[in-house]
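In what follows, a structure is listed as structure tokens, so that the remarks can point back to it.
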Amino acid sequence: MRVGLDVLRRYVAVPEDPAETRRLLDEQGLEVKRVETDEVGTVFNLELLANRGDHHCYEGIARELDGRLGTGLTKPTFAELTVGDSPIELKLETELCTRYTATRLVKRGDGELPAEAQRLLQAAGLNPVGPAVDATNIANLEWGQPTHAFDADTIVGPITIRTSRSGEQAWPLFAEAKVTLPEGTVVIADDEKILAIAGVIGCEESRTTDSTTTLLLESATFDPVAVRIASRALQIFTDSSARFERGADHERPLVGAGRVVELLQQAGWEVEGTTGEVVGALPAPRQLTLSLADAQHFLGTDESATGLGDRLRRYGFGVSIADETLEVDVPSWRLPDVHHEADLLEELAKSIGYDQTPIELPPVQMGAQPSDWELRRDRVEQALLGQGFYEVFTDGFYGRKVFEQLGIAEDHPLFAHVETQNALDRAYSLLKNNALHQALEAAVVNERRRTLAGQMFEWTRTFHPTGVLNAADTPPHEAAAPCTERSLMWAMSFGERQGQALDARFLVGVVREIATETGLALTVEALDAAHPLASFLHPGRAGVVHLDGETVGVLGEVHPAVLKRYKIKRIRPCYLEIEQAALAGPGMRPTFVEPAVHQPIVRTVALAVPPPTPAGDVRAAFLADAPEGLSFVDVVDVFVGEEDGSQVRSITFELSYSNDDNQRTADDVNQMTETLVAAVLKRFTAVGVHRR
């Protein structure tokens with residue numbers, strides 16, 4: 001809305017400095033989007049609140065400013081109209097109109113509207129059209145009450161306020177032809193045609209012209225939702241619809257019509273007879289109770305009930321005070337938006353000034369100490385982040401294509417899923433029972449974007465069916481849950497980072513890092529073919545994660561056949577998952593042990609271990625038969641090649657013997673090693689393990 005500063009000063013004493021007035025408007029919620037200077041002086045372009053229809057006029061804006069300034073409000077003048085016999089029969093046939101008035105005016109001269117009134121039109125950016133139209137525009141700008149003038153000689157029969165019928169047409173002003181109205185649109189009609197689309201726009205067939213000598217002035221209030229629906233449906237947006245959409249004042253039709261009459265009387269028009277009025281269901285009055293103590297506490301002020309009451313009266317509220325309580329009558333123009341005590345507090349805060357209320361920080365209490373699991377999870381994350389991983393978030397659903405991509409047959413442990421009924425998108429019809437699929441989908445996205453090295457992890461859960469809910473043989477009160485949830489942490493790596501291959505061996509190191517960080521005795525052992533994910537991993541580059549002899553996770557390179565089905569060609573993703581319950585288990589932080597003065601004695605043994613015998617099984621045999629003093633066994637080298645046309649796999653094991661007292665000789669170590677190797681070879685003779 002365009003508001004001229006000089007025009008605004010007619011109604012309220014605002015600061016002389018336009019910048020100060022702009023600041024005041026902004027503080028009161030009347031946001032100034034732009035300031036212009038033209039032949040009418042300074043003009044503010046305001047962005048008005050969507051729920052404050054009373055702001056769409058000078059009287060409403062001036063009242064808002066006076067609520068802060070308290071300098072007094074001067075309202076636009078208007079003629080007092082007498083309600084009596086209507087100049088034309090009025091029929092109200094819809095509840096969507098709360099009040100409708102009609103006043104007849106007859107032209108007695110050819111005068112003009114006062115220059116002061118026309119200056120208001122200029123400030124609003126409106127061009128003068130003629131006294132009848134200009135007067136209705138001025139009344140709307142000053143009082144916020146839309147009115148409309150019909151050429152009375154074009155009206156046939158009574159005026160009926162009703163809703164449109166199916167297929168009914170109207171000819172809106174400025175339209176090239178008639179338009180079909182949506183059924184149920186509120187209209188003003190006579191016996192032959194539609195005179196206006198209620199609250200939106202008048203119609204061509206009853207418009208005023210230079211030859212019009214008799215006016216029928218309409219002033220009414222309509223349901224805001226009905227006006228909004230009609231305006232949007234017809235794509236016709238006017239100052240009238242903008243005002244009515246935000247809630248009209250049912251007490252203002254006679255005021256708005258009176259202002260039009262006063263202006264037209266100065267231009268040579270006279271009222272003929274009395275004003276007709278029909279009234280529908282008016283909104284009920286509303287009274288709110290405001291506690292003085294509550295208001296003072298909220299606003300941080302010691303202002304008296306009288307002072308606070310005076311502030312509310314400046315906004316138009318009726319206030320009576322008794323027993324430290326303010327009984328507040330909500331004015332008719334504020335019924336759409338003032339419903340609660342908090343709304344009154346907002347008015348008082350604006351009157352005092354938000355910058356004048358005390359600044360006080362809310363009390364802060366200490367939060368709860370982190371739980372043991374939160375601390376443990378943080379340690380796991382620190383280990384992962386330190387190794388270069390990034391946390392990701394994936395969906396909890398996927399589609400049936402997972403069976404084809406992973407290669408899940410009906411007899412596979414992961415075939416059974418919890419399904420959603422009537423899924424809107426088939427790609428989200430199953431609750432996931434594994435996290436590998438989403439991890440591979442993430443790898444696919446990275447490869448498509450030419451990101452050929454990556455590390456990611458996620459805390460998630462999978463869902464597994466437990467039977468039919470409310471089965472016939474299960475009493476309803478003992479019905480089992482439709483699924484069980486399994487919480488886990490998964491990680492995936494692929495490519496190379498700073499010369500280090502992010503492969504399965506790298507993930508073994510990640511497990512050890514997590515074990516060190518959490519104090520959990522996590523180990524990686526040979527892959528168990530019975531593990532649900534075993535068929536999706538490369539058999540020679542995978543293993544299971546153990547904790548206290550139980551399998552709590554799995555890791556390994558994804559099987560080439562699975563990669564082919566996912567169309568992954570340039571990367572070799574490696575996957576790791578560990579049960580959250582295992583990571584939450586009791587652990588011990590490693591303690592510092594002072595290293596021995598004397599270095600341990602190390603021997604290496606190279607054995608030919610034909611596939612598919614796991615190296616982990618051979619290492620476990622060394623530890624099982626270990627003599628006293630053998631402290632560590634590790635795989636330090638793997639060689640795969642051909643000899644005499646046959647594939648040969650050579651694995652070098654490193655055996656470390658403690659020598660704390662420096663009493664162990666090289667001969668003793670050699671003898672123990674030979675005895676140990678002989679025992680291990682005896683265990684694996686049947687599968688062809690031999691010394692190289």
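Ordered as shown in the structure tokens, chains take letters A, B, and onward, while each chain numbers its residues from 1 and ligands are numbered from 1 in the order shown.
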
Please return as an mmCIF file with N, CA, C and O atoms, in the first residue's frame: the residues of segment 70-319 of chain A that backbone DSSP assigns to strand (DSSP E).
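Dumped everything to out.cif:
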data_model
loop_
_atom_site.group_PDB
_atom_site.id
_atom_site.type_symbol
_atom_site.label_atom_id
_atom_site.label_comp_id
_atom_site.auth_asym_id
_atom_site.auth_seq_id
_atom_site.Cartn_x
_atom_site.Cartn_y
_atom_site.Cartn_z
ATOM 1 N N LEU A 90 -34.154 -5.154 -0.855
ATOM 2 C CA LEU A 90 -32.938 -5.934 -0.635
ATOM 3 C C LEU A 90 -33.309 -7.322 -0.142
ATOM 4 O O LEU A 90 -34.121 -7.468 0.770
ATOM 5 N N LYS A 91 -32.697 -8.340 -0.742
ATOM 6 C CA LYS A 91 -32.935 -9.726 -0.344
ATOM 7 C C LYS A 91 -31.600 -10.375 0.005
ATOM 8 O O LYS A 91 -30.693 -10.431 -0.842
ATOM 9 N N LEU A 92 -31.464 -10.830 1.204
ATOM 10 C CA LEU A 92 -30.239 -11.515 1.647
ATOM 11 C C LEU A 92 -30.512 -13.012 1.692
ATOM 12 O O LEU A 92 -31.304 -13.488 2.512
ATOM 13 N N CYS A 97 -22.760 -13.154 3.633
ATOM 14 C CA CYS A 97 -22.803 -11.691 3.745
ATOM 15 C C CYS A 97 -23.339 -11.359 5.128
ATOM 16 O O CYS A 97 -24.424 -11.817 5.508
ATOM 17 N N THR A 98 -22.586 -10.582 5.908
ATOM 18 C CA THR A 98 -23.014 -10.267 7.270
ATOM 19 C C THR A 98 -23.818 -8.972 7.350
ATOM 20 O O THR A 98 -24.664 -8.823 8.233
ATOM 21 N N ARG A 99 -23.544 -8.021 6.454
ATOM 22 C CA ARG A 99 -24.311 -6.769 6.457
ATOM 23 C C ARG A 99 -24.250 -6.160 5.057
ATOM 24 O O ARG A 99 -23.193 -6.156 4.425
ATOM 25 N N TYR A 100 -25.400 -5.652 4.612
ATOM 26 C CA TYR A 100 -25.456 -5.021 3.287
ATOM 27 C C TYR A 100 -26.293 -3.761 3.399
ATOM 28 O O TYR A 100 -27.416 -3.776 3.936
ATOM 29 N N THR A 101 -25.756 -2.654 2.897
ATOM 30 C CA THR A 101 -26.488 -1.379 2.917
ATOM 31 C C THR A 101 -26.567 -0.809 1.508
ATOM 32 O O THR A 101 -25.679 -1.024 0.676
ATOM 33 N N ALA A 102 -27.650 -0.054 1.255
ATOM 34 C CA ALA A 102 -27.846 0.583 -0.055
ATOM 35 C C ALA A 102 -28.359 2.005 0.172
ATOM 36 O O ALA A 102 -29.337 2.215 0.911
ATOM 37 N N THR A 103 -27.693 2.980 -0.475
ATOM 38 C CA THR A 103 -28.048 4.394 -0.347
ATOM 39 C C THR A 103 -28.200 4.989 -1.744
ATOM 40 O O THR A 103 -27.322 4.788 -2.603
ATOM 41 N N ARG A 104 -29.304 5.728 -1.981
ATOM 42 C CA ARG A 104 -29.523 6.359 -3.287
ATOM 43 C C ARG A 104 -29.042 7.812 -3.240
ATOM 44 O O ARG A 104 -29.320 8.558 -2.286
ATOM 45 N N LEU A 105 -28.311 8.198 -4.301
ATOM 46 C CA LEU A 105 -27.871 9.579 -4.455
ATOM 47 C C LEU A 105 -28.295 10.084 -5.832
ATOM 48 O O LEU A 105 -28.222 9.338 -6.829
ATOM 49 N N VAL A 106 -28.696 11.355 -5.884
ATOM 50 C CA VAL A 106 -29.151 11.974 -7.131
ATOM 51 C C VAL A 106 -28.241 13.158 -7.447
ATOM 52 O O VAL A 106 -27.877 13.944 -6.562
ATOM 53 N N LYS A 107 -27.885 13.277 -8.711
ATOM 54 C CA LYS A 107 -26.979 14.339 -9.144
ATOM 55 C C LYS A 107 -27.736 15.657 -9.254
ATOM 56 O O LYS A 107 -28.728 15.773 -9.972
ATOM 57 N N THR A 147 -16.575 0.207 -0.978
ATOM 58 C CA THR A 147 -17.941 0.508 -1.387
ATOM 59 C C THR A 147 -17.996 0.446 -2.907
ATOM 60 O O THR A 147 -16.962 0.423 -3.578
ATOM 61 N N HIS A 148 -19.199 0.418 -3.449
ATOM 62 C CA HIS A 148 -19.332 0.385 -4.910
ATOM 63 C C HIS A 148 -20.586 1.151 -5.309
ATOM 64 O O HIS A 148 -21.636 1.030 -4.659
ATOM 65 N N ALA A 149 -20.478 1.945 -6.377
ATOM 66 C CA ALA A 149 -21.600 2.738 -6.870
ATOM 67 C C ALA A 149 -22.136 2.129 -8.165
ATOM 68 O O ALA A 149 -21.391 1.981 -9.142
ATOM 69 N N PHE A 150 -23.432 1.766 -8.155
ATOM 70 C CA PHE A 150 -24.110 1.281 -9.356
ATOM 71 C C PHE A 150 -24.851 2.447 -10.011
ATOM 72 O O PHE A 150 -25.315 3.376 -9.325
ATOM 73 N N ASP A 151 -24.998 2.374 -11.313
ATOM 74 C CA ASP A 151 -25.931 3.259 -11.998
ATOM 75 C C ASP A 151 -27.326 2.739 -11.680
ATOM 76 O O ASP A 151 -27.737 1.676 -12.156
ATOM 77 N N ILE A 159 -32.576 -6.001 -5.401
ATOM 78 C CA ILE A 159 -31.188 -6.478 -5.332
ATOM 79 C C ILE A 159 -31.161 -7.698 -4.420
ATOM 80 O O ILE A 159 -31.673 -7.663 -3.294
ATOM 81 N N THR A 160 -30.528 -8.778 -4.916
ATOM 82 C CA THR A 160 -30.440 -10.022 -4.156
ATOM 83 C C THR A 160 -28.979 -10.358 -3.914
ATOM 84 O O THR A 160 -28.178 -10.381 -4.864
ATOM 85 N N ILE A 161 -28.638 -10.606 -2.665
ATOM 86 C CA ILE A 161 -27.288 -11.069 -2.318
ATOM 87 C C ILE A 161 -27.390 -12.582 -2.163
ATOM 88 O O ILE A 161 -28.036 -13.085 -1.239
ATOM 89 N N ARG A 162 -26.758 -13.321 -3.064
ATOM 90 C CA ARG A 162 -26.915 -14.770 -3.115
ATOM 91 C C ARG A 162 -25.635 -15.399 -3.636
ATOM 92 O O ARG A 162 -24.641 -14.704 -3.912
ATOM 93 N N THR A 163 -25.659 -16.711 -3.800
ATOM 94 C CA THR A 163 -24.530 -17.425 -4.419
ATOM 95 C C THR A 163 -24.878 -17.778 -5.856
ATOM 96 O O THR A 163 -26.052 -17.977 -6.203
ATOM 97 N N GLN A 169 -23.051 -16.612 -15.577
ATOM 98 C CA GLN A 169 -21.986 -15.747 -16.063
ATOM 99 C C GLN A 169 -22.136 -14.330 -15.536
ATOM 100 O O GLN A 169 -23.235 -13.875 -15.215
ATOM 101 N N ALA A 170 -21.008 -13.625 -15.490
ATOM 102 C CA ALA A 170 -20.980 -12.213 -15.116
ATOM 103 C C ALA A 170 -19.966 -11.516 -16.010
ATOM 104 O O ALA A 170 -19.073 -12.152 -16.602
ATOM 105 N N VAL A 179 -17.626 -13.894 -18.098
ATOM 106 C CA VAL A 179 -16.900 -15.059 -17.611
ATOM 107 C C VAL A 179 -17.871 -15.938 -16.829
ATOM 108 O O VAL A 179 -18.850 -15.454 -16.258
ATOM 109 N N THR A 180 -17.589 -17.245 -16.834
ATOM 110 C CA THR A 180 -18.412 -18.177 -16.073
ATOM 111 C C THR A 180 -17.923 -18.216 -14.636
ATOM 112 O O THR A 180 -16.734 -18.404 -14.377
ATOM 113 N N VAL A 186 -20.334 -15.704 -4.172
ATOM 114 C CA VAL A 186 -21.279 -14.704 -3.679
ATOM 115 C C VAL A 186 -21.391 -13.575 -4.705
ATOM 116 O O VAL A 186 -20.375 -13.006 -5.137
ATOM 117 N N VAL A 187 -22.620 -13.237 -5.098
ATOM 118 C CA VAL A 187 -22.844 -12.202 -6.107
ATOM 119 C C VAL A 187 -23.935 -11.251 -5.628
ATOM 120 O O VAL A 187 -24.750 -11.579 -4.764
ATOM 121 N N ILE A 188 -23.951 -10.058 -6.235
ATOM 122 C CA ILE A 188 -25.012 -9.075 -6.068
ATOM 123 C C ILE A 188 -25.752 -9.053 -7.402
ATOM 124 O O ILE A 188 -25.150 -8.781 -8.445
ATOM 125 N N ALA A 189 -27.036 -9.348 -7.387
ATOM 126 C CA ALA A 189 -27.769 -9.513 -8.647
ATOM 127 C C ALA A 189 -29.119 -8.815 -8.589
ATOM 128 O O ALA A 189 -29.692 -8.607 -7.511
ATOM 129 N N ILE A 194 -26.090 -10.085 -13.092
ATOM 130 C CA ILE A 194 -25.232 -9.935 -11.917
ATOM 131 C C ILE A 194 -24.638 -8.536 -11.940
ATOM 132 O O ILE A 194 -24.027 -8.110 -12.930
ATOM 133 N N LEU A 195 -24.835 -7.819 -10.851
ATOM 134 C CA LEU A 195 -24.358 -6.445 -10.747
ATOM 135 C C LEU A 195 -22.912 -6.363 -10.260
ATOM 136 O O LEU A 195 -22.186 -5.422 -10.604
ATOM 137 N N ALA A 196 -22.501 -7.326 -9.431
ATOM 138 C CA ALA A 196 -21.139 -7.309 -8.886
ATOM 139 C C ALA A 196 -20.802 -8.690 -8.343
ATOM 140 O O ALA A 196 -21.690 -9.455 -7.943
ATOM 141 N N ILE A 197 -19.515 -9.006 -8.344
ATOM 142 C CA ILE A 197 -18.999 -10.196 -7.674
ATOM 143 C C ILE A 197 -18.605 -9.734 -6.280
ATOM 144 O O ILE A 197 -17.675 -8.933 -6.115
ATOM 145 N N ILE A 201 -15.288 -7.228 -7.368
ATOM 146 C CA ILE A 201 -15.354 -6.221 -8.427
ATOM 147 C C ILE A 201 -16.788 -6.058 -8.900
ATOM 148 O O ILE A 201 -17.603 -6.990 -8.804
ATOM 149 N N GLY A 202 -17.112 -4.842 -9.390
ATOM 150 C CA GLY A 202 -18.407 -4.600 -9.996
ATOM 151 C C GLY A 202 -18.459 -5.133 -11.411
ATOM 152 O O GLY A 202 -17.481 -5.680 -11.934
ATOM 153 N N THR A 214 -28.232 9.002 -11.314
ATOM 154 C CA THR A 214 -28.704 8.412 -10.061
ATOM 155 C C THR A 214 -27.791 7.259 -9.679
ATOM 156 O O THR A 214 -27.531 6.370 -10.503
ATOM 157 N N LEU A 215 -27.303 7.288 -8.451
ATOM 158 C CA LEU A 215 -26.404 6.244 -7.959
ATOM 159 C C LEU A 215 -27.107 5.409 -6.896
ATOM 160 O O LEU A 215 -27.908 5.930 -6.116
ATOM 161 N N LEU A 216 -26.774 4.140 -6.872
ATOM 162 C CA LEU A 216 -27.125 3.290 -5.737
ATOM 163 C C LEU A 216 -25.808 2.855 -5.118
ATOM 164 O O LEU A 216 -25.038 2.107 -5.729
ATOM 165 N N LEU A 217 -25.531 3.372 -3.940
ATOM 166 C CA LEU A 217 -24.248 3.137 -3.277
ATOM 167 C C LEU A 217 -24.344 1.894 -2.398
ATOM 168 O O LEU A 217 -25.152 1.843 -1.474
ATOM 169 N N GLU A 218 -23.501 0.942 -2.694
ATOM 170 C CA GLU A 218 -23.428 -0.306 -1.922
ATOM 171 C C GLU A 218 -22.277 -0.228 -0.925
ATOM 172 O O GLU A 218 -21.172 0.188 -1.264
ATOM 173 N N SER A 219 -22.532 -0.664 0.314
ATOM 174 C CA SER A 219 -21.476 -0.800 1.318
ATOM 175 C C SER A 219 -21.825 -2.014 2.168
ATOM 176 O O SER A 219 -22.924 -2.065 2.729
ATOM 177 N N ALA A 220 -20.897 -2.988 2.247
ATOM 178 C CA ALA A 220 -21.260 -4.270 2.857
ATOM 179 C C ALA A 220 -20.032 -4.946 3.440
ATOM 180 O O ALA A 220 -18.899 -4.466 3.308
ATOM 181 N N THR A 221 -20.267 -6.057 4.103
ATOM 182 C CA THR A 221 -19.176 -6.932 4.559
ATOM 183 C C THR A 221 -19.498 -8.361 4.144
ATOM 184 O O THR A 221 -20.655 -8.802 4.227
ATOM 185 N N PHE A 222 -18.453 -9.097 3.723
ATOM 186 C CA PHE A 222 -18.613 -10.452 3.214
ATOM 187 C C PHE A 222 -17.636 -11.392 3.902
ATOM 188 O O PHE A 222 -16.617 -10.968 4.472
ATOM 189 N N TRP A 269 -23.955 16.114 -5.390
ATOM 190 C CA TRP A 269 -24.895 14.996 -5.263
ATOM 191 C C TRP A 269 -25.643 15.109 -3.946
ATOM 192 O O TRP A 269 -25.125 15.625 -2.951
ATOM 193 N N GLU A 270 -26.894 14.560 -3.922
ATOM 194 C CA GLU A 270 -27.700 14.591 -2.718
ATOM 195 C C GLU A 270 -28.243 13.200 -2.415
ATOM 196 O O GLU A 270 -28.532 12.423 -3.330
ATOM 197 N N VAL A 271 -28.370 12.910 -1.128
ATOM 198 C CA VAL A 271 -28.965 11.644 -0.712
ATOM 199 C C VAL A 271 -30.476 11.736 -0.867
ATOM 200 O O VAL A 271 -31.091 12.751 -0.499
ATOM 201 N N GLU A 272 -31.074 10.692 -1.411
ATOM 202 C CA GLU A 272 -32.521 10.644 -1.578
ATOM 203 C C GLU A 272 -33.080 9.536 -0.693
ATOM 204 O O GLU A 272 -32.797 8.363 -0.907
ATOM 205 N N GLY A 273 -33.856 9.917 0.295
ATOM 206 C CA GLY A 273 -34.454 8.939 1.189
ATOM 207 C C GLY A 273 -33.479 8.468 2.259
ATOM 208 O O GLY A 273 -32.450 9.091 2.541
ATOM 209 N N THR A 274 -33.812 7.347 2.841
ATOM 210 C CA THR A 274 -32.973 6.756 3.890
ATOM 211 C C THR A 274 -32.184 5.573 3.326
ATOM 212 O O THR A 274 -32.417 5.116 2.203
ATOM 213 N N THR A 275 -31.279 5.077 4.131
ATOM 214 C CA THR A 275 -30.415 3.961 3.723
ATOM 215 C C THR A 275 -31.074 2.643 4.078
ATOM 216 O O THR A 275 -31.560 2.464 5.200
ATOM 217 N N GLY A 276 -31.080 1.715 3.105
ATOM 218 C CA GLY A 276 -31.589 0.384 3.367
ATOM 219 C C GLY A 276 -30.496 -0.522 3.917
ATOM 220 O O GLY A 276 -29.318 -0.370 3.585
ATOM 221 N N GLU A 277 -30.881 -1.468 4.771
ATOM 222 C CA GLU A 277 -29.893 -2.359 5.388
ATOM 223 C C GLU A 277 -30.508 -3.724 5.635
ATOM 224 O O GLU A 277 -31.645 -3.827 6.092
ATOM 225 N N VAL A 278 -29.753 -4.766 5.307
ATOM 226 C CA VAL A 278 -30.104 -6.127 5.700
ATOM 227 C C VAL A 278 -28.904 -6.695 6.447
ATOM 228 O O VAL A 278 -27.749 -6.456 6.085
ATOM 229 N N VAL A 279 -29.173 -7.457 7.499
ATOM 230 C CA VAL A 279 -28.104 -7.946 8.369
ATOM 231 C C VAL A 279 -28.208 -9.458 8.493
ATOM 232 O O VAL A 279 -29.303 -9.993 8.707
ATOM 233 N N GLN A 287 -14.826 -10.586 24.930
ATOM 234 C CA GLN A 287 -14.185 -9.908 26.059
ATOM 235 C C GLN A 287 -13.082 -10.799 26.617
ATOM 236 O O GLN A 287 -13.266 -12.007 26.786
ATOM 237 N N LEU A 288 -11.941 -10.212 26.887
ATOM 238 C CA LEU A 288 -10.790 -10.932 27.428
ATOM 239 C C LEU A 288 -10.422 -10.354 28.787
ATOM 240 O O LEU A 288 -10.642 -9.166 29.053
ATOM 241 N N THR A 289 -9.861 -11.201 29.613
ATOM 242 C CA THR A 289 -9.413 -10.781 30.943
ATOM 243 C C THR A 289 -7.893 -10.817 30.997
ATOM 244 O O THR A 289 -7.276 -11.821 30.638
ATOM 245 N N LEU A 290 -7.311 -9.706 31.431
ATOM 246 C CA LEU A 290 -5.856 -9.600 31.513
ATOM 247 C C LEU A 290 -5.455 -9.279 32.949
ATOM 248 O O LEU A 290 -5.871 -8.260 33.513
ATOM 249 N N SER A 291 -4.641 -10.161 33.526
ATOM 250 C CA SER A 291 -4.150 -9.942 34.883
ATOM 251 C C SER A 291 -3.046 -8.889 34.870
ATOM 252 O O SER A 291 -2.112 -8.964 34.063
ATOM 253 N N GLY A 318 -11.930 -1.480 24.404
ATOM 254 C CA GLY A 318 -12.634 -0.965 25.558
ATOM 255 C C GLY A 318 -12.075 -1.615 26.809
ATOM 256 O O GLY A 318 -11.892 -2.837 26.848
ATOM 257 N N VAL A 319 -11.781 -0.827 27.830
ATOM 258 C CA VAL A 319 -11.107 -1.356 29.022
ATOM 259 C C VAL A 319 -11.824 -0.877 30.280
ATOM 260 O O VAL A 319 -12.114 0.313 30.435
#

Exercise: segment 109-113 of chain A partners within 8 Å, only C-alpha atoms, chain neighbours under 5 positions left out, as a list of chain:residue names: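 Using only C-alpha atoms, the neighbours found are A:Gln118, A:Pro131, A:Ala135, A:Leu263, A:Leu264, A:Gln266, A:Ala267, A:Gly268, A:Trp269.
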
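Using only C-alpha atoms for every distance, the candidate list A:Leu254, A:Leu430, A:Leu533, A:Val545 yields A:Leu533 as the residue closest to Ile408 of chain A.
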
Within 12 Å of Phe403 of chain A using only C-alpha atoms, minus same-chain residues under 2 positions, as number ranges by chain: A: 398-401, 405-417, 430, 432-434, 437, 536, 562, 565-566

Expected answer as a PyMOL selection string: alpha helix (DSSP H) residues in segment 35-281 of chain A: chain A and resi 58-69+115-123+131-143+224-234+239-245+253-265

Find the nearest atom pair between each residue of segment 578-618 of chain A and segment 653-664 of chain A for residues within 7 Å, count only C-alpha atoms, give distances in Å to one decimal, sort rows by chain and ascending number, and present the table as JSON lines.
{"residue": "A:Ala596", "atom": "CA", "partner": "A:Asp660", "partner_atom": "CA", "distance": 5.7}
{"residue": "A:Val597", "atom": "CA", "partner": "A:Asp660", "partner_atom": "CA", "distance": 7.0}
{"residue": "A:His598", "atom": "CA", "partner": "A:Asp660", "partner_atom": "CA", "distance": 5.8}
{"residue": "A:Gln599", "atom": "CA", "partner": "A:Asn659", "partner_atom": "CA", "distance": 6.6}
{"residue": "A:Pro600", "atom": "CA", "partner": "A:Ser658", "partner_atom": "CA", "distance": 4.7}
{"residue": "A:Ile601", "atom": "CA", "partner": "A:Tyr657", "partner_atom": "CA", "distance": 5.1}
{"residue": "A:Val602", "atom": "CA", "partner": "A:Ser656", "partner_atom": "CA", "distance": 4.5}
{"residue": "A:Arg603", "atom": "CA", "partner": "A:Leu655", "partner_atom": "CA", "distance": 5.2}
{"residue": "A:Thr604", "atom": "CA", "partner": "A:Glu654", "partner_atom": "CA", "distance": 4.5}
{"residue": "A:Val605", "atom": "CA", "partner": "A:Phe653", "partner_atom": "CA", "distance": 5.3}
{"residue": "A:Ala606", "atom": "CA", "partner": "A:Phe653", "partner_atom": "CA", "distance": 6.3}

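Our summary of the geometry notes that atom CA of Arg68 of chain A is positioned 24.3 Å from atom CA of Gly41 of chain A.
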
Nearest to Pro358 of chain A by atom-to-atom distance, counting only C-alpha atoms, from A:Ala581, A:Val328, A:Leu299, A:Cys203: A:Leu299
